[in-house]
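Novice: Please find one structure pasted underneath; my questions will follow.
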Amino acid sequence: MPVAEALQRLLASAAAHQQQPVRALSLTDALDQILAEPVCSAIDVPPWDNSAMDGYALAEADLAQAMADGLPVSQRITAGVAPVALQPGTCARIFTGAPLPAGANAVQMQENAELLAGGRVRLLEPVAAGDNVRRQAQDVVAGQPLLAAGTRLRPQDLGVIASVGIDQVGVRTPLRVAVVSTGDELVEPGQPLSPGQIYNSNRFTLIGLLQGMGQTVVDAGILPDDLASTRDRLQQLARQVDVIITSGGVSVGEADCLGQALREAGEVALWKLAIKPGKPFTLGHYAGVPVLGLPGNPAATLVTFLLLVRPYLLTRLGAAEVAAPAYTLPAGFAWSRAGSREEYLRAHVEDGRVMLSGNQSSGVLSSASRASGLLRVPAGQTFSPGDLVAFLPFSGLLG
Ligand SMILES: Nc1nc2c(c(=O)[nH]1)N[C@H]1C(S)=C(S)[C@@H](COP(=O)(O)OP(=O)(O)OC[C@H]3O[C@@H](n4cnc5c(N)ncnc54)[C@H](O)[C@@H]3O)O[C@H]1N2
Ligand code: MOO
């Protein structure tokens with residue numbers, strides 16, 4: 001099945017779930033959370049016209065006088081004070097961010113003015129109405145929708161919400177996600193390796209990916225290649241979590257118990273996608289709980305999480321934007337082997353060209369560590385150096 005179709009089905013399955021409950025969070029805790037409700041402003045920002053410069057506020061009507069003999073300074077307005085109306089024929093000393101007094105409509109910065117003996121101020125350069133004035137509501141208009149439900153809150157979004165005086169937002173409660181590593185060969189780092197064993201790396205990749213997304217991780221350790229234990233563990237986890245993510249055991253070997261357990265006692269909705277790495281990716285259900293079965297090869301685990309699991313989880317959380325951003329850049333190498341699956345290569349950008357970051361075997365993870373993103377090669381495609389390719393930076397995929 002093509003990746004686009006699999007993704008569509010996966011997202012439809014995510015959208016069919018009940019939405020996660022809403023919880024109120026203070027802004028300091030809301031980074032990366034997904035807004036459950038739109039944010040509207042009750043106020044204009046800025047709430048009043050104010051000065052963009054340290055200098056002198058005046059009425060344009062007094063410009064000729066200001067440039068000839070100068071104007072007396074009738075008040076001093078610092079940020080945080082409320083001014084009185086400007087007397088005609090005078091100017092006000094004013095500072096950046098201070099409210100413009102009624103009657104003034106322009107500010108000249110102090111570098112373009114001179115203080116005369118007797119306290120008058122003469123402008124050295126003309127100003128016109130509106131110069132160096134930040135208009136009321138130029139940033140936000142009262143009543144205007146600011147952020148839509150489904151927005152993933154970035155630092156600047158938190159700042160905008162704060163700028164309209166709101167200190168709490170309604171966001172979707174994170175999902176409880178179990179991470180299960182399968183395979184008799186797996187040993188946790190820190191332990192000695194016996195012959196035939198390898199260290200469990202997927203557990204750490206997956207926990208990191210989920211933590212980066214702000215989800216609640218239930219670390220379910222290593223599951224042996226044994227059908228009865230697989231069934232028991234899935235049964236037990238299905239009572240505790242919203243989603244189960246597994247790595248390994250979804251291919252066609254006898255020891256691939258996960259797929260077997262799902263087929264026998266649960267349901268398999270998706271299996272075998274035209275994606276490389278990651279072909280045996282599986283979406284199933286066990287006791288009604290979704291099981292996302294990722295292929296055990298470490299690069300396949302990473303790629304299928306980023307391309308399939310992440311959009312699935314974001315959809316469960318009501319996010320408006322779930323697609324990974326892709327940028328078109330020239331390739332720095334040739335790709336002459338057209339594949340039958342859509343391929344994701346571990347890559348980085350060097351002098352504006354996309355380069356391979358090392359060995360692309362799905363068992364090799366260190367090239368992902370050297371990469372700064374993924375290069376997408378559609379099925380059946382080849383390219384030459386200089387041809388445009390799609391590069392998906394990790395910055396748009398992680399978190
Ligand atoms: N006869 C076939 N064999 C395979 C096929 C196929 O179509 N026919 N597909 C291959 C592809 S493609 C992939 S991808 C893998 C996926 O297999 P599984 O998901 O069943 O994964 P395992 O067999 O359990 O493991 C694969 C590989 O990854 C290592 N691994 C597993 N878990 C971890 C972990 N937590 N940390 C580090 N490394 C892990 C495992 O030792 C294996 O080397 O199947 C191909 N075979
Ligand atoms: O789909 Mo697999 O990850 O190519 O080896």
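Chain lettering (A, B, ...) mirrors the order of the structure tokens, residue numbering begins at 1 for each chain separately, and ligand numbering begins at 1 in order of display.
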Using 12 Å as the limit and counting only C-alpha atoms and all ligand atoms, can you tabulate each residue of chain A that touches ligand 2, with its shortest atom-to-atom distance in Å and the two atoms involved, as a tab-separated table?
Specialist:
residue	atom	partner	partner_atom_place_in_ligand_line	distance
A:Ser247	CA	ligand 2	3 (O)	11.4
A:Gly248	CA	ligand 2	3 (O)	10.4
A:Val250	CA	ligand 2	1 (O)	10.6
A:Ser251	CA	ligand 2	2 (Mo)	9.2
A:Val252	CA	ligand 2	2 (Mo)	12.0
A:Trp271	CA	ligand 2	1 (O)	11.4
A:Lys272	CA	ligand 2	1 (O)	8.6
A:Leu273	CA	ligand 2	1 (O)	8.3
A:Ala274	CA	ligand 2	1 (O)	8.3
A:Ile275	CA	ligand 2	1 (O)	6.4
A:Lys276	CA	ligand 2	4 (O)	4.7
A:Pro277	CA	ligand 2	3 (O)	3.3
A:Gly278	CA	ligand 2	1 (O)	3.4
A:Lys279	CA	ligand 2	1 (O)	3.6
A:Pro280	CA	ligand 2	1 (O)	6.1
A:Phe281	CA	ligand 2	1 (O)	7.9
A:Thr282	CA	ligand 2	1 (O)	11.5
A:Leu294	CA	ligand 2	3 (O)	9.2
A:Pro295	CA	ligand 2	3 (O)	6.4
A:Gly296	CA	ligand 2	3 (O)	7.8
A:Asn297	CA	ligand 2	3 (O)	5.7
A:Pro298	CA	ligand 2	3 (O)	8.0
A:Ala299	CA	ligand 2	3 (O)	6.7
A:Ala300	CA	ligand 2	3 (O)	4.3
A:Thr301	CA	ligand 2	3 (O)	7.7
A:Leu302	CA	ligand 2	3 (O)	9.7
A:Val303	CA	ligand 2	3 (O)	8.6
A:Thr304	CA	ligand 2	3 (O)	8.8
A:Phe305	CA	ligand 2	3 (O)	11.9
A:Gly339	CA	ligand 2	4 (O)	11.1
A:Ser340	CA	ligand 2	4 (O)	11.2
A:Arg341	CA	ligand 2	1 (O)	9.0
A:Glu342	CA	ligand 2	1 (O)	10.3
A:Glu343	CA	ligand 2	4 (O)	8.9
A:Tyr344	CA	ligand 2	4 (O)	10.0
A:Leu345	CA	ligand 2	4 (O)	11.2
A:Gln360	CA	ligand 2	4 (O)	9.5
A:Ser361	CA	ligand 2	5 (O)	7.1
A:Ser362	CA	ligand 2	5 (O)	4.8
A:Gly363	CA	ligand 2	5 (O)	6.9
A:Val364	CA	ligand 2	5 (O)	9.9
A:Leu365	CA	ligand 2	3 (O)	11.4
Novice: Restrict the calculation to only C-alpha atoms, then for each residue of range 188-278 of chain A with any atom at most 10 Å from an atom of range 24-40 of chain A give the closest atom pair and their distance in Å to one decimal, rows by chain and rising residue number, as a tab-separated table.
Specialist:
residue	atom	partner	partner_atom	distance
A:Gly212	CA	A:Asp32	CA	9.0
A:Met213	CA	A:Asp32	CA	7.3
A:Gly214	CA	A:Asp32	CA	7.3
A:Gln215	CA	A:Gln33	CA	9.6
Novice: Return as a PyMOL selection string the full set of residues in range 6-186 of chain A whose backbone-based DSSP assignment is strand (DSSP E).
Specialist: chain A and resi 22-26+39-40+50-51+55-58+71-77+91-94+106-109+113-115+120-123+133-134+145-147+168-172+176-182+186
Novice: Give me the residues near range 6-23 of chain A as a ChimeraX atom specification, where near means some atom within 9 Å (using only C-alpha atoms) and where sequence neighbours in that chain fewer than 3 positions away do not count.
Specialist: /A:1-3,35-37,169-175,269-271,273,283,307-309,311-318
Novice: So which residues touch range 369-375 of chain A within 8 Å, counting only C-alpha atoms, skipping near sequence neighbours fewer than 2 positions away, as a PyMOL selection string?
Specialist: chain A and resi 343-349+354+356-358+365-367+377+389-395
Novice: Write out, as a PDB file, in the first residue's frame, the residues just selected, with C-alpha atoms.
Specialist:
ATOM      1  CA  GLU A 343      12.274   5.850   0.365  1.00  0.00           C
ATOM      2  CA  TYR A 344      13.468   8.054   3.209  1.00  0.00           C
ATOM      3  CA  LEU A 345      17.214   8.642   3.225  1.00  0.00           C
ATOM      4  CA  ARG A 346      19.119   9.953   6.219  1.00  0.00           C
ATOM      5  CA  ALA A 347      20.561  13.199   4.887  1.00  0.00           C
ATOM      6  CA  HIS A 348      21.927  16.645   5.685  1.00  0.00           C
ATOM      7  CA  VAL A 349      22.434  19.929   3.850  1.00  0.00           C
ATOM      8  CA  VAL A 354      21.266  17.586   0.163  1.00  0.00           C
ATOM      9  CA  LEU A 356      23.651  11.415   2.297  1.00  0.00           C
ATOM     10  CA  SER A 357      24.687  11.094   5.938  1.00  0.00           C
ATOM     11  CA  GLY A 358      26.142   7.592   5.629  1.00  0.00           C
ATOM     12  CA  LEU A 365      21.245   4.097  13.161  1.00  0.00           C
ATOM     13  CA  SER A 366      24.461   6.137  13.365  1.00  0.00           C
ATOM     14  CA  SER A 367      23.734   7.737   9.975  1.00  0.00           C
ATOM     15  CA  VAL A 377      12.490   9.688  -2.868  1.00  0.00           C
ATOM     16  CA  VAL A 389      14.499  16.781  -4.128  1.00  0.00           C
ATOM     17  CA  ALA A 390      12.245  16.963  -1.050  1.00  0.00           C
ATOM     18  CA  PHE A 391      14.121  17.416   2.237  1.00  0.00           C
ATOM     19  CA  LEU A 392      12.249  17.044   5.538  1.00  0.00           C
ATOM     20  CA  PRO A 393      14.341  18.616   8.310  1.00  0.00           C
ATOM     21  CA  PHE A 394      14.259  16.912  11.705  1.00  0.00           C
ATOM     22  CA  SER A 395      13.368  20.328  13.157  1.00  0.00           C
TER      23      SER A 395
END
Novice: Can you list, as a PyMOL selection string, every protein, DNA or RNA residue that comes within 10 Å of Asn200 in chain A when you count only C-alpha atoms, leaving out same-chain residues fewer than 2 positions away?
Specialist: chain A and resi 181-183+185-189+197-198+202-205+221-222+298
Novice: Please, which residues of range 61-259 of chain A, numbered as in this document, come out alpha helix (DSSP H) from DSSP, as a PyMOL selection string?
Specialist: chain A and resi 63-68+155-163+202-212+227-238+257-259
Novice: Of the residues A:Ile245, A:Val289, A:Ala92, A:Ala113, which is the one nearest to ligand 1, using only C-alpha atoms and all ligand atoms?
Specialist: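 Among A:Ile245, A:Val289, A:Ala92, A:Ala113, it is A:Ile245 that comes nearest to ligand 1.
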